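Note: the block below is model_2.tsv and it holds TSV, C-alpha atoms.
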chain	number	residue	atom	x	y	z
A	18	MET	CA	-202.62	-40.69	-3.17
A	19	ASN	CA	-201.72	-37.01	-3.35
A	20	LEU	CA	-198.46	-35.92	-4.92
A	21	ARG	CA	-197.07	-34.30	-1.78
A	22	ASP	CA	-197.25	-37.60	0.13
A	23	TYR	CA	-195.87	-39.43	-2.88
A	24	PHE	CA	-192.78	-37.24	-3.01
A	25	CYS	CA	-192.17	-37.57	0.75
A	26	PHE	CA	-192.28	-41.36	0.47
A	27	LEU	CA	-190.13	-41.33	-2.65
A	28	LEU	CA	-187.53	-39.10	-1.00
A	29	VAL	CA	-187.22	-41.35	2.07
A	30	MET	CA	-187.07	-44.52	-0.02
A	31	THR	CA	-184.52	-43.15	-2.50
A	32	GLY	CA	-182.41	-41.44	0.19
A	33	VAL	CA	-182.10	-44.52	2.41
A	34	THR	CA	-181.31	-46.77	-0.56
A	35	TYR	CA	-178.67	-44.41	-1.93
A	36	VAL	CA	-176.92	-43.90	1.41
A	37	LEU	CA	-176.79	-47.68	1.97
A	38	ARG	CA	-175.01	-48.10	-1.36
A	39	ALA	CA	-172.82	-45.01	-1.57
A	40	VAL	CA	-171.44	-44.62	1.95
A	41	PRO	CA	-169.74	-48.03	2.26
A	42	PHE	CA	-168.65	-47.84	-1.39
A	43	VAL	CA	-166.90	-44.49	-0.86
A	44	LEU	CA	-165.47	-45.08	2.60
A	45	MET	CA	-163.97	-48.52	2.04
A	46	LYS	CA	-161.02	-47.61	-0.14
A	47	LYS	CA	-158.39	-49.76	1.50
A	48	GLN	CA	-158.23	-53.45	0.79
A	49	LEU	CA	-159.57	-55.72	3.48
A	50	GLN	CA	-156.79	-57.93	4.82
A	51	SER	CA	-158.79	-60.50	6.76
A	52	PRO	CA	-159.32	-63.77	4.82
A	53	PHE	CA	-162.32	-64.46	7.05
A	54	LEU	CA	-164.01	-61.18	6.12
A	55	LYS	CA	-163.17	-61.66	2.44
A	56	SER	CA	-164.64	-65.16	2.49
A	57	PHE	CA	-167.73	-63.88	4.27
A	58	LEU	CA	-168.27	-61.23	1.60
A	59	ALA	CA	-167.70	-63.79	-1.17
A	60	TYR	CA	-170.52	-65.98	0.17
A	61	ILE	CA	-172.96	-63.11	0.81
A	62	PRO	CA	-174.41	-62.62	-2.69
A	63	TYR	CA	-175.32	-66.28	-3.08
A	64	THR	CA	-176.81	-66.68	0.38
A	65	VAL	CA	-178.82	-63.42	0.04
A	66	LEU	CA	-180.29	-64.42	-3.32
A	67	ALA	CA	-181.05	-67.97	-2.20
A	68	ALA	CA	-182.80	-66.77	0.96
A	69	MET	CA	-184.81	-64.24	-1.07
A	70	THR	CA	-185.88	-66.89	-3.57
A	71	VAL	CA	-186.78	-69.85	-1.37
A	72	PRO	CA	-189.50	-70.16	-0.17
A	73	SER	CA	-190.80	-66.78	-1.51
A	74	ILE	CA	-191.07	-68.15	-5.05
A	75	PHE	CA	-193.74	-70.62	-3.82
A	76	TYR	CA	-196.02	-67.67	-3.03
A	77	ALA	CA	-195.23	-65.47	-6.04
A	78	THR	CA	-197.75	-67.11	-8.35
A	79	GLU	CA	-201.45	-67.97	-8.55
A	80	SER	CA	-200.96	-71.51	-7.24
A	81	ARG	CA	-198.45	-73.14	-4.90
A	82	LEU	CA	-197.83	-75.86	-7.50
A	83	SER	CA	-196.64	-73.47	-10.22
A	84	GLY	CA	-194.26	-71.72	-7.81
A	85	ILE	CA	-192.70	-75.01	-6.67
A	86	LEU	CA	-192.42	-76.32	-10.24
A	87	ALA	CA	-190.89	-73.03	-11.40
A	88	LEU	CA	-188.15	-73.49	-8.79
A	89	VAL	CA	-187.51	-77.07	-9.94
A	90	THR	CA	-187.43	-76.34	-13.69
A	91	THR	CA	-185.29	-73.21	-13.29
A	92	VAL	CA	-182.76	-74.97	-11.05
A	93	ILE	CA	-182.50	-77.74	-13.66
A	94	ALA	CA	-182.04	-75.14	-16.44
A	95	ALA	CA	-179.35	-73.36	-14.42
A	96	CYS	CA	-177.59	-76.70	-13.74
A	97	PHE	CA	-177.38	-77.30	-17.47
A	98	GLY	CA	-175.75	-73.93	-18.05
A	99	GLY	CA	-178.77	-71.74	-18.84
A	100	GLY	CA	-177.92	-68.09	-18.12
A	101	LEU	CA	-180.04	-65.24	-16.76
A	102	VAL	CA	-182.30	-64.94	-19.79
A	103	ILE	CA	-182.88	-68.67	-20.19
A	104	ALA	CA	-183.67	-68.97	-16.48
A	105	ALA	CA	-186.12	-66.06	-16.66
A	106	ILE	CA	-187.86	-67.59	-19.69
A	107	VAL	CA	-188.00	-71.10	-18.16
A	108	SER	CA	-189.51	-69.81	-14.91
A	109	CYS	CA	-192.09	-67.67	-16.75
A	110	CYS	CA	-193.08	-70.48	-19.12
A	111	THR	CA	-193.47	-72.97	-16.27
A	112	VAL	CA	-195.85	-70.66	-14.43
A	113	LEU	CA	-197.76	-69.77	-17.60
A	114	CYS	CA	-198.22	-73.45	-18.46
A	115	ILE	CA	-199.36	-74.48	-15.00
A	116	ASP	CA	-201.55	-71.48	-14.14
A	117	GLY	CA	-202.69	-70.82	-17.69
A	118	PHE	CA	-203.64	-74.27	-18.85
A	119	ILE	CA	-204.55	-76.34	-15.82
A	120	PRO	CA	-207.63	-74.20	-15.01
A	121	MET	CA	-208.81	-74.82	-18.58
A	122	LEU	CA	-208.88	-78.58	-17.97
A	123	PHE	CA	-211.51	-78.27	-15.28
B	21	MET	CA	-163.97	-50.84	-25.68
B	22	VAL	CA	-164.07	-51.38	-21.93
B	23	TYR	CA	-167.43	-49.62	-21.91
B	24	LEU	CA	-168.75	-51.83	-24.73
B	25	LYS	CA	-167.62	-54.97	-22.88
B	26	GLY	CA	-169.63	-53.84	-19.88
B	27	LEU	CA	-172.58	-52.99	-22.10
B	28	ARG	CA	-172.56	-56.52	-23.53
B	29	ASP	CA	-172.29	-58.18	-20.11
B	30	GLY	CA	-175.23	-56.04	-18.95
B	31	LEU	CA	-177.55	-57.06	-21.80
B	32	PRO	CA	-178.98	-60.23	-20.21
B	33	ILE	CA	-179.52	-58.37	-16.94
B	34	GLY	CA	-181.29	-55.57	-18.83
B	35	ILE	CA	-183.63	-58.01	-20.59
B	36	GLY	CA	-184.39	-59.81	-17.34
B	37	TYR	CA	-185.00	-56.50	-15.54
B	38	PHE	CA	-187.41	-55.41	-18.26
B	39	ALA	CA	-189.65	-58.41	-17.58
B	40	VAL	CA	-189.46	-58.02	-13.80
B	41	SER	CA	-190.01	-54.27	-13.69
B	42	PHE	CA	-192.88	-54.69	-16.14
B	43	SER	CA	-194.83	-56.37	-13.34
B	44	PHE	CA	-193.73	-53.64	-10.92
B	45	GLY	CA	-195.18	-51.12	-13.37
B	46	ILE	CA	-198.44	-53.02	-13.47
B	47	ALA	CA	-198.61	-53.19	-9.66
B	48	GLY	CA	-197.89	-49.46	-9.36
B	49	SER	CA	-200.40	-48.44	-12.01
B	50	LYS	CA	-203.22	-49.57	-9.72
B	51	PHE	CA	-202.94	-46.31	-7.76
B	52	LEU	CA	-200.27	-44.09	-9.36
B	53	SER	CA	-200.05	-42.54	-12.81
B	54	TRP	CA	-197.40	-44.18	-15.02
B	55	ILE	CA	-194.96	-41.28	-14.76
B	56	TRP	CA	-194.76	-41.52	-10.95
B	57	VAL	CA	-194.38	-45.32	-11.01
B	58	THR	CA	-191.55	-44.94	-13.52
B	59	LEU	CA	-189.87	-42.29	-11.35
B	60	ILE	CA	-189.67	-44.80	-8.45
B	61	SER	CA	-187.73	-47.22	-10.65
B	62	ALA	CA	-185.52	-44.50	-12.13
B	63	THR	CA	-184.42	-43.34	-8.67
B	64	ASN	CA	-184.24	-46.63	-6.73
B	65	ILE	CA	-183.33	-49.58	-8.97
B	66	THR	CA	-184.12	-52.20	-6.34
B	67	SER	CA	-186.53	-55.07	-6.73
B	68	ALA	CA	-187.64	-56.24	-3.31
B	69	GLY	CA	-187.17	-52.75	-1.83
B	70	GLN	CA	-189.40	-51.08	-4.40
B	71	PHE	CA	-192.11	-53.73	-4.10
B	72	ALA	CA	-192.19	-53.24	-0.33
B	73	GLY	CA	-192.11	-49.44	-0.72
B	74	LEU	CA	-195.04	-49.56	-3.11
B	75	GLN	CA	-197.07	-51.54	-0.56
B	76	ILE	CA	-196.32	-48.99	2.15
B	77	MET	CA	-197.28	-46.09	-0.15
B	78	ASN	CA	-200.56	-47.80	-1.03
B	79	ASP	CA	-201.35	-48.47	2.65
B	80	ALA	CA	-203.48	-45.67	4.09
B	81	ALA	CA	-201.77	-46.25	7.46
B	82	GLY	CA	-198.25	-46.28	5.97
B	83	THR	CA	-195.85	-43.78	7.57
B	84	LEU	CA	-192.52	-42.31	6.51
B	85	ILE	CA	-190.81	-43.99	9.49
B	86	GLU	CA	-192.10	-47.37	8.37
B	87	MET	CA	-190.86	-46.65	4.86
B	88	ALA	CA	-187.40	-45.72	6.18
B	89	ILE	CA	-187.09	-48.83	8.39
B	90	ALA	CA	-188.40	-51.26	5.77
B	91	THR	CA	-186.16	-49.80	3.05
B	92	PHE	CA	-183.19	-49.91	5.40
B	93	PHE	CA	-183.58	-53.56	6.29
B	94	ILE	CA	-184.51	-54.81	2.84
B	95	ASN	CA	-181.67	-52.93	1.17
B	96	LEU	CA	-179.01	-53.33	3.86
B	97	ARG	CA	-177.51	-56.12	1.77
B	98	TYR	CA	-176.41	-53.45	-0.73
B	99	SER	CA	-174.07	-52.12	1.97
B	100	LEU	CA	-172.45	-55.53	2.23
B	101	MET	CA	-172.22	-55.68	-1.55
B	102	ALA	CA	-170.79	-52.16	-1.71
B	103	ILE	CA	-168.07	-53.08	0.81
B	104	SER	CA	-167.28	-56.22	-1.11
B	105	LEU	CA	-167.30	-54.40	-4.47
B	106	SER	CA	-165.06	-51.64	-3.09
B	107	GLN	CA	-162.41	-54.35	-2.62
B	108	LYS	CA	-162.71	-55.35	-6.25
B	109	VAL	CA	-162.50	-52.01	-8.13
B	110	LYS	CA	-159.43	-50.38	-9.65
B	111	PRO	CA	-157.68	-47.56	-7.75
B	112	SER	CA	-158.84	-45.25	-10.59
B	113	PHE	CA	-162.36	-45.65	-9.20
B	114	GLY	CA	-162.28	-42.32	-7.28
B	115	THR	CA	-164.75	-40.77	-4.85
B	116	VAL	CA	-166.82	-38.85	-7.42
B	117	LYS	CA	-167.13	-41.89	-9.67
B	118	ARG	CA	-168.11	-44.00	-6.69
B	119	LEU	CA	-170.77	-41.46	-5.68
B	120	LEU	CA	-172.23	-41.47	-9.19
B	121	LEU	CA	-172.03	-45.21	-9.87
B	122	ALA	CA	-173.11	-46.40	-6.40
B	123	MET	CA	-176.71	-46.26	-7.74
B	124	GLY	CA	-175.86	-49.23	-9.95
B	125	ILE	CA	-175.10	-51.66	-7.13
B	126	THR	CA	-177.89	-54.24	-7.52
B	127	ASP	CA	-177.90	-57.97	-6.82
B	128	GLU	CA	-177.26	-58.96	-10.43
B	129	ILE	CA	-174.81	-56.18	-11.39
B	130	TYR	CA	-172.87	-56.92	-8.24
B	131	ALA	CA	-172.85	-60.65	-8.93
B	132	VAL	CA	-171.62	-60.16	-12.50
B	133	SER	CA	-168.92	-57.72	-11.34
B	134	MET	CA	-167.68	-60.16	-8.72
B	135	SER	CA	-167.63	-63.08	-11.13
B	136	ARG	CA	-165.20	-61.24	-13.43
B	137	LYS	CA	-161.50	-61.92	-13.18
B	138	GLY	CA	-159.36	-58.98	-12.12
B	139	ARG	CA	-160.31	-55.49	-10.97
B	140	ILE	CA	-163.32	-53.51	-12.15
B	141	ARG	CA	-162.74	-50.29	-14.12
B	142	PRO	CA	-165.20	-47.36	-13.80
B	143	LEU	CA	-165.98	-47.44	-17.54
B	144	TYR	CA	-166.72	-51.17	-17.44
B	145	PHE	CA	-169.03	-50.68	-14.48
B	146	LEU	CA	-170.81	-47.79	-16.24
B	147	GLY	CA	-171.30	-50.00	-19.29
B	148	LEU	CA	-172.54	-52.86	-17.12
B	149	CYS	CA	-175.13	-50.57	-15.46
B	150	THR	CA	-176.43	-48.90	-18.64
B	151	LEU	CA	-178.75	-51.55	-20.10
B	152	PRO	CA	-180.06	-52.81	-16.74
B	153	TYR	CA	-180.96	-49.19	-15.89
B	154	ILE	CA	-182.73	-48.67	-19.21
B	155	GLY	CA	-184.39	-52.09	-18.93
B	156	TRP	CA	-185.55	-51.49	-15.36
B	157	THR	CA	-186.92	-48.00	-16.02
B	158	GLY	CA	-188.31	-48.82	-19.48
B	159	GLY	CA	-189.93	-52.03	-18.26
B	160	THR	CA	-191.63	-50.18	-15.43
B	161	MET	CA	-192.94	-47.55	-17.83
B	162	THR	CA	-194.22	-50.16	-20.29
B	163	GLY	CA	-195.87	-52.17	-17.51
B	164	ALA	CA	-197.47	-49.11	-15.94
B	165	ILE	CA	-198.87	-47.98	-19.29
B	166	CYS	CA	-200.17	-51.47	-20.11
B	167	GLY	CA	-201.73	-51.34	-16.66
B	168	GLU	CA	-204.63	-53.62	-16.16
B	169	ILE	CA	-204.92	-54.99	-19.70
B	170	LEU	CA	-203.24	-58.35	-18.93
B	171	PRO	CA	-204.86	-60.97	-16.68
B	172	ALA	CA	-203.28	-61.61	-13.27
B	173	PHE	CA	-201.85	-65.04	-14.10
B	174	VAL	CA	-199.81	-63.52	-16.94
B	175	THR	CA	-198.39	-60.72	-14.78
B	176	ASN	CA	-197.58	-63.26	-12.03
B	177	ALA	CA	-195.75	-65.42	-14.53
B	178	LEU	CA	-193.69	-62.39	-15.62
B	179	GLY	CA	-192.98	-61.57	-11.97
B	180	VAL	CA	-191.39	-64.99	-11.45
B	181	ALA	CA	-188.62	-63.95	-13.87
B	182	LEU	CA	-187.04	-62.14	-10.92
B	183	TYR	CA	-186.60	-65.41	-9.03
B	184	GLY	CA	-185.51	-67.14	-12.22
B	185	MET	CA	-182.61	-64.71	-12.53
B	186	PHE	CA	-181.66	-65.17	-8.87
B	187	ILE	CA	-181.60	-68.94	-9.39
B	188	ALA	CA	-179.36	-68.56	-12.47
B	189	ILE	CA	-176.89	-66.64	-10.30
B	190	PHE	CA	-176.64	-68.87	-7.24
B	191	VAL	CA	-176.96	-72.34	-8.81
B	192	PRO	CA	-173.82	-72.45	-11.05
B	193	PRO	CA	-171.35	-71.74	-8.19
B	194	MET	CA	-173.13	-74.38	-6.08
B	195	LYS	CA	-172.20	-76.93	-8.73
B	196	GLU	CA	-168.57	-75.90	-8.91
B	197	HIS	CA	-167.75	-75.11	-5.30
B	198	ARG	CA	-168.94	-77.42	-2.54
B	199	PRO	CA	-168.60	-74.85	0.29
B	200	THR	CA	-170.88	-72.50	-1.67
B	201	LEU	CA	-173.37	-75.36	-1.98
B	202	ILE	CA	-173.29	-75.81	1.79
B	203	ALA	CA	-173.58	-72.05	2.44
B	204	VAL	CA	-176.58	-71.71	0.11
B	205	LEU	CA	-178.33	-74.76	1.60
B	206	MET	CA	-177.84	-73.32	5.10
B	207	ALA	CA	-179.32	-70.00	3.97
B	208	VAL	CA	-182.30	-71.79	2.41
B	209	ALA	CA	-182.86	-73.88	5.55
B	210	LEU	CA	-182.83	-70.73	7.69
B	211	SER	CA	-185.14	-69.03	5.22
B	212	PHE	CA	-187.64	-71.88	5.60
B	213	ALA	CA	-187.41	-71.52	9.38
B	214	PHE	CA	-188.18	-67.79	9.16
B	215	LYS	CA	-191.17	-68.55	6.98
B	216	TYR	CA	-192.74	-71.45	8.87
B	217	ALA	CA	-191.33	-71.78	12.41
B	218	PRO	CA	-193.35	-70.17	15.21
B	219	VAL	CA	-191.90	-66.93	16.63
B	220	LEU	CA	-189.34	-66.75	13.79
B	221	ASN	CA	-192.11	-66.22	11.24
B	222	LYS	CA	-192.96	-62.93	13.00
B	223	VAL	CA	-189.66	-61.46	11.79
B	224	THR	CA	-190.14	-59.14	8.79
B	225	PHE	CA	-188.99	-60.29	5.35
B	226	GLY	CA	-186.09	-57.86	5.00
B	227	PHE	CA	-184.72	-58.63	8.45
B	228	ALA	CA	-185.09	-62.39	7.91
B	229	ILE	CA	-183.08	-62.19	4.68
B	230	ILE	CA	-180.26	-60.39	6.48
B	231	ILE	CA	-180.13	-62.94	9.32
B	232	CYS	CA	-180.24	-65.94	6.94
B	233	SER	CA	-177.48	-64.67	4.69
B	234	VAL	CA	-175.21	-63.29	7.41
B	235	VAL	CA	-175.41	-66.43	9.58
B	236	ALA	CA	-174.91	-68.84	6.65
B	237	SER	CA	-172.02	-66.79	5.24
B	238	LEU	CA	-170.32	-66.42	8.64
B	239	ILE	CA	-170.42	-70.17	9.24
B	240	ALA	CA	-169.18	-70.91	5.70
B	241	ALA	CA	-166.40	-68.31	5.96
B	242	TYR	CA	-165.28	-69.80	9.29
B	243	PHE	CA	-165.15	-73.41	8.11
B	244	PHE	CA	-164.32	-72.89	4.43
B	245	PRO	CA	-162.27	-69.72	3.87
B	246	VAL	CA	-161.99	-68.99	0.13
B	247	LYS	CA	-159.07	-67.58	-1.80
B	248	VAL	CA	-160.19	-64.28	-3.31
B	249	GLU	CA	-157.93	-63.28	-6.16
B	250	ASP	CA	-156.23	-59.99	-5.49
B	251	ASP	CA	-154.18	-59.31	-8.59
B	252	GLU	CA	-154.71	-57.04	-11.59

Render the structure in this file as structure tokens.
Amino acid sequence: MNLRDYFCFLLVMTGVTYVLRAVPFVLMKKQLQSPFLKSFLAYIPYTVLAAMTVPSIFYATESRLSGILALVTTVIAACFGGGLVIAAIVSCCTVLCIDGFIPMLF
Amino acid sequence: MVYLKGLRDGLPIGIGYFAVSFSFGIAGSKFLSWIWVTLISATNITSAGQFAGLQIMNDAAGTLIEMAIATFFINLRYSLMAISLSQKVKPSFGTVKRLLLAMGITDEIYAVSMSRKGRIRPLYFLGLCTLPYIGWTGGTMTGAICGEILPAFVTNALGVALYGMFIAIFVPPMKEHRPTLIAVLMAVALSFAFKYAPVLNKVTFGFAIIICSVVASLIAAYFFPVKVEDDE
């Protein structure tokens, strides 16, 4: 693609993303009083991440099986207290094992 | 010292980001030179948003309007996070600092900030953002330069690290707090519906994520209000 188009796309993408982050961050200086709204915002990060992960993770890899197994092994690792890095390694290794070695068996 | 504390808390995020953005770099290197792929990461610092943006850029029929709408919907959750984070920062977090540090509001940085006890200082937040920013930008650059050397199954495996990190964030609170467990399961159930149910599966990814999370969180907030600590 030519550089002029690239910079137009980049500008739109960066501008929209920045405004979405900065405007609410700057304008909301008072504390929210509503317990309902506070509870809502406390649940948001977990529900967003969960909805982004499942079922998308099933389709992120070469085979459906490796995606599903990556979810299972990583959830187990997280249940046993594995942090961000452990979870990243477990998910990667699961996919590498399934997609890397199973084709070699056939 | 506050900065160093943030730096340390940001290290695992930075390492995770390196692996994830590495695969973004590889994807981008298919049609952009490494410097332009890296510039996208250095200016955006979003995962899903950048991946979608890259697809639109690579699409001959992609338009600026489409880019604006897709970016808006996929990244709208950052607005919710920014509102929530604005409730959690110290009063010393003034307008200029907010304008500069707003760039650092990502899923993981936000989640780590919110999981800390007490209010967030600007220096802590700057420290927390530093390594993820370097990891995200550096990983993209490394991936873009490595380009097409690695086979697809390896790059796919590295890409799954993104989901691995998400799982590490939402699973622990599900164990400790039953209402969070219920909220997350509702969001996942809705997410399945938006993927497989007729009509609903026509809704774009970004918009589906917003509906799933907002509906699940509204229901959970209504039935299980949580006590959010409000002290120093």

### Query
Excluding same-chain residues fewer than 3 positions from region 59-61 of chain A, what lies within 7 Å of it counting all atoms listed in the file, as a PyMOL selection string?
(chain A and resi 55-56+64-65) or (chain B and resi 200+233-234+237)

*asked:* For Met30 (chain A), find every residue with an atom within 7 Å (counting only C-alpha atoms), except residues of its own chain fewer than 6 positions away, and show them as a ChimeraX atom specification.
replied: /B:87-88,91

Would you pick out the contacts of Phe57 (chain A) at 9 Å or less, using all atoms listed in the file, so that residues sharing its chain but fewer than 3 positions from it are not included, and give the list as a JSON list (two decimals) with C-alpha atoms, in the frame of the given file?
[["chain", "number", "residue", "atom", "x", "y", "z"],
["A", 52, "PRO", "CA", -159.32, -63.77, 4.82],
["A", 53, "PHE", "CA", -162.32, -64.46, 7.05],
["A", 54, "LEU", "CA", -164.01, -61.18, 6.12],
["A", 60, "TYR", "CA", -170.52, -65.98, 0.17],
["A", 61, "ILE", "CA", -172.96, -63.11, 0.81],
["B", 234, "VAL", "CA", -175.21, -63.29, 7.41],
["B", 237, "SER", "CA", -172.02, -66.79, 5.24],
["B", 238, "LEU", "CA", -170.32, -66.42, 8.64],
["B", 239, "ILE", "CA", -170.42, -70.17, 9.24],
["B", 240, "ALA", "CA", -169.18, -70.91, 5.70],
["B", 241, "ALA", "CA", -166.40, -68.31, 5.96],
["B", 242, "TYR", "CA", -165.28, -69.80, 9.29],
["B", 245, "PRO", "CA", -162.27, -69.72, 3.87],
["B", 246, "VAL", "CA", -161.99, -68.99, 0.13]]

One decimal place gives the CA of Ser41 (chain B)-CA of Tyr153 (chain B) separation as 10.6 Å

Give me the residues near Val204 (chain B) as a PyMOL selection string, where near means some atom within 12 Å (using all atoms listed in the file) and where sequence neighbours in that chain fewer than 2 positions away do not count. (chain A and resi 59-71) or (chain B and resi 187+189-195+197-202+206-211+232-240)

Interatomic distance (Å, one decimal) between CA of Leu20 (chain A) and CA of Phe71 (chain B):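 Distance reported for this atom pair: 18.9 Å.
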
Closest of B:Met77, B:Leu105, B:Ala131, B:Ala47 to Met185 (chain B), counting all atoms listed in the file, is B:Ala131

Shell around region 116-123 of chain A at 10 Å using only C-alpha atoms, local window under 3 positions removed, as a ChimeraX atom specification = /A:78-84,110-113 /B:173-174,176-177

Inset, instruction - In the coordinates of the file, take the point (-180.4, -45.0, -0.1) and a cut-off of 12 Å; then, counting all atoms listed in the file, name each qualifying protein, DNA or RNA residue as a PyMOL selection string. - result: (chain A and resi 27-41) or (chain B and resi 63-66+69-70+87-99+119+122-125)

If we draw a sphere of 9 Å around (-186.7, -62.4, -8.9), which residues have at least one atom in it when counting only C-alpha atoms? Please report them as a PyMOL selection string. (chain A and resi 66+69-70+74+105) or (chain B and resi 40+67-68+179-187)

**Prompt:** Which residue, A:Leu86, A:Ile103, A:Ile115, A:Ala95, has the smallest gap to chain B when you use all atoms listed in the file?
**Reply:**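 The shortest atom-to-atom distance to chain B comes from A:Ala95.
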
Could you tell me how far CA of Gly98 (chain A) sits from CA of Glu196 (chain B), in Å to one decimal place?
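About the pair CA of Glu196 (chain B) and CA of Gly98 (chain A): they are 11.8 Å apart.
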
Generate all heavy atoms for region 39-46 of chain A and emit them as an mmCIF file, keeping the file's coordinate frame.
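Dumped everything to selection.cif:
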data_model
loop_
_atom_site.group_PDB
_atom_site.id
_atom_site.type_symbol
_atom_site.label_atom_id
_atom_site.label_comp_id
_atom_site.auth_asym_id
_atom_site.auth_seq_id
_atom_site.Cartn_x
_atom_site.Cartn_y
_atom_site.Cartn_z
ATOM 1 N N ALA A 39 -173.937 -45.922 -1.309
ATOM 2 C CA ALA A 39 -172.820 -45.010 -1.570
ATOM 3 C C ALA A 39 -171.838 -44.917 -0.407
ATOM 4 O O ALA A 39 -170.628 -44.908 -0.627
ATOM 5 C CB ALA A 39 -173.361 -43.631 -1.922
ATOM 6 N N VAL A 40 -172.347 -44.860 0.831
ATOM 7 C CA VAL A 40 -171.440 -44.620 1.950
ATOM 8 C C VAL A 40 -170.388 -45.723 2.104
ATOM 9 O O VAL A 40 -169.192 -45.431 2.132
ATOM 10 C CB VAL A 40 -172.231 -44.356 3.260
ATOM 11 C CG1 VAL A 40 -171.320 -44.369 4.466
ATOM 12 C CG2 VAL A 40 -172.965 -43.020 3.150
ATOM 13 N N PRO A 41 -170.795 -47.003 2.153
ATOM 14 C CA PRO A 41 -169.740 -48.030 2.260
ATOM 15 C C PRO A 41 -168.840 -48.084 1.026
ATOM 16 O O PRO A 41 -167.651 -48.344 1.143
ATOM 17 C CB PRO A 41 -170.530 -49.346 2.376
ATOM 18 C CG PRO A 41 -171.932 -48.977 2.630
ATOM 19 C CD PRO A 41 -172.137 -47.600 2.122
ATOM 20 N N PHE A 42 -169.421 -47.792 -0.141
ATOM 21 C CA PHE A 42 -168.650 -47.840 -1.390
ATOM 22 C C PHE A 42 -167.563 -46.779 -1.394
ATOM 23 O O PHE A 42 -166.443 -47.013 -1.848
ATOM 24 C CB PHE A 42 -169.612 -47.652 -2.569
ATOM 25 C CG PHE A 42 -169.060 -48.084 -3.902
ATOM 26 C CD1 PHE A 42 -168.289 -49.220 -4.020
ATOM 27 C CD2 PHE A 42 -169.347 -47.358 -5.045
ATOM 28 C CE1 PHE A 42 -167.795 -49.628 -5.253
ATOM 29 C CE2 PHE A 42 -168.855 -47.750 -6.279
ATOM 30 C CZ PHE A 42 -168.075 -48.889 -6.378
ATOM 31 N N VAL A 43 -167.867 -45.596 -0.860
ATOM 32 C CA VAL A 43 -166.900 -44.490 -0.860
ATOM 33 C C VAL A 43 -165.890 -44.637 0.263
ATOM 34 O O VAL A 43 -164.702 -44.382 0.085
ATOM 35 C CB VAL A 43 -167.647 -43.135 -0.753
ATOM 36 C CG1 VAL A 43 -166.673 -42.011 -0.459
ATOM 37 C CG2 VAL A 43 -168.419 -42.863 -2.039
ATOM 38 N N LEU A 44 -166.356 -45.064 1.434
ATOM 39 C CA LEU A 44 -165.470 -45.080 2.600
ATOM 40 C C LEU A 44 -164.468 -46.232 2.602
ATOM 41 O O LEU A 44 -163.375 -46.112 3.142
ATOM 42 C CB LEU A 44 -166.282 -45.097 3.893
ATOM 43 C CG LEU A 44 -167.100 -43.821 4.143
ATOM 44 C CD1 LEU A 44 -167.773 -43.886 5.502
ATOM 45 C CD2 LEU A 44 -166.220 -42.567 4.049
ATOM 46 N N MET A 45 -164.853 -47.356 1.976
ATOM 47 C CA MET A 45 -163.970 -48.520 2.040
ATOM 48 C C MET A 45 -162.979 -48.513 0.889
ATOM 49 O O MET A 45 -163.147 -49.236 -0.084
ATOM 50 C CB MET A 45 -164.795 -49.809 1.966
ATOM 51 C CG MET A 45 -165.732 -50.022 3.123
ATOM 52 S SD MET A 45 -164.891 -50.384 4.656
ATOM 53 C CE MET A 45 -164.112 -51.931 4.251
ATOM 54 N N LYS A 46 -161.961 -47.668 0.980
ATOM 55 C CA LYS A 46 -161.020 -47.610 -0.140
ATOM 56 C C LYS A 46 -159.819 -48.516 0.033
ATOM 57 O O LYS A 46 -159.171 -48.884 -0.918
ATOM 58 C CB LYS A 46 -160.580 -46.175 -0.382
ATOM 59 C CG LYS A 46 -161.659 -45.428 -1.148
ATOM 60 C CD LYS A 46 -161.141 -44.224 -1.866
ATOM 61 C CE LYS A 46 -162.285 -43.570 -2.588
ATOM 62 N NZ LYS A 46 -162.256 -42.127 -2.532
#
